[in-house]
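*Asks:* So that we are looking at the same thing, I have put the structure below in structure tokens.
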Amino acid sequence: MAKAKTDVERCKACGLCMHNCKKGALTMTDHINSRGYKTILLDEETCIGCGICYTVCPDGVFEIVE
Amino acid sequence: MAKTKKIPNLCNYAMFCAGCGHGVLVRLICECLEELGQEKNVIAAIGVGCSCHLKSGINCDLVQSPHGRAAAVATGIRRAEPDKIVFTYQGDGDAYNIGLAETLNAAYRNENICVFTVNNGNFGMTGGQMAWTTMPGQKTATSPRGRNIELTGIPIKIPELVSYSFKPAYVARGAVTTPAEIKRLKGYIMNAFQAQMNKEGYSLVEVMSTCPTNWGMDPIVAQKRLIEDVIPYYELGEFKKRGE
């Protein structure tokens with residue numbers, strides 16, 4: 001089953017993925033990436049690989065992989 | 001379930017603000033170019049302002065144009081390189097205010113180029129000054145009491161003007177809001193590139209986007225404002241379809 005894969009170093013903590021995720025699989029963490037932004041955390045168990053996060057993310061954090 | 005999706009090789013990490021719609025548009029342009037097999041056959045003319053950050057967002061040949069003159073620079077590139085894909089990447093302040101003459105003249109001549117403009121209702125990079133696309137009553141750095149349309153005119157709609165006044169190949173307005181709108185926007189971009197590859201002429205795709213930094217809003221609140229307040233004025237859709 002397809003799942004989202006994240007590259008949190010690209011994340012700018014805009015929260016659009018969390019807002020659009022129908023399954024609530026994404027949460028904001030206090031982890032700071034190398035660019036100084038907070039990052040999101042993906043719950044792989046909840047993710048259904050629908051690709052909405054890939055579509056709405058302005059920064060290419062997500063890829064959908066098998 | 002869904003297909004696998006990979007960030008296009010053409011697409012880099014772009015230096016836009018958090019939640020800015022530019023990033024999605026850059027990715028969609030890269031996806032369309034890769035799907036058309038044109039990723040190594042493209043030259044972009046970029047405007048001044050936030051659109052300058054396309055330099056960091058895409059791995060292709062770029063020409064940095066003087067402010068507003070991207071359509072004129074793209075015309076020159078087109079004359080010198082008739083077989084390349086040529087597009088401009090501009091903001092609303094660049095294409096519709098400072099470069100209005102170049103944008104309209106390229107459309108008037110039906111140059112075989114694609115023009116992508118991101119309309120976020122202000123001059124983003126310089127600190128959110130009022131542009132011709134600013135909504136009535138909207139507070140900006142240069143309209144602190146809200147835009148007075150009796151004094152400054154009503155927000156300009158270039159896609160409508162171009163499609164009704166000239167004979168372009170393709171004109172559309174999309175938005176970077178919901179996943180459905182983003183997918184529709186990709187279709188518009190694909191049509192614009194295909195029109196150019198078939199030498200049909202000028203195509204313009206305006207993209208309604210948020211500017212969370214200068215609107216002073218959270219990206220999600222800014223998107224809500226875009227959907228509820230701005231898009232009802234700037235109607236989305238295709239104004240000139242190919243072959244019409």
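Chain lettering (A, B, ...) mirrors the order of the structure tokens, residue numbering begins at 1 for each chain separately, and ligand numbering begins at 1 in order of display.
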Do you know which residues are at most 10 Å from Lys22 of chain A counting only C-alpha atoms, after dropping those on the same chain fewer than 2 positions away, and could you put them as a PyMOL selection string?
*Replies:* chain A and resi 17-20+24-26+47-48+50+52-53
*Asks:* Just need the residues of chain B within 7 Å of chain A, counting only C-alpha atoms, so spit them out as an MDAnalysis selection string.
*Replies:* chainID B and resid 1:2 4:7 13:14 18:21 23:24 179 219:220
*Asks:* Kindly give the distance, in Å, that separates atom CA of Thr75 of chain B and atom CA of Asn112 of chain B, rounded to a single decimal.
*Replies:*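 Separating atom CA of Thr75 of chain B from atom CA of Asn112 of chain B is a distance of 8.0 Å.
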*Asks:* Atom CA of Trp132 of chain B to atom CA of Arg173 of chain B: how many Å, to one decimal?
*Replies:*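 Separation of atom CA of Trp132 of chain B and atom CA of Arg173 of chain B: 16.7 Å.
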*Asks:* Which parts of chain A does DSSP call strand (DSSP E or B) when run on the backbone here, written out as number ranges by chain?
*Replies:* A: 3-6, 26-32, 38-42, 62-65
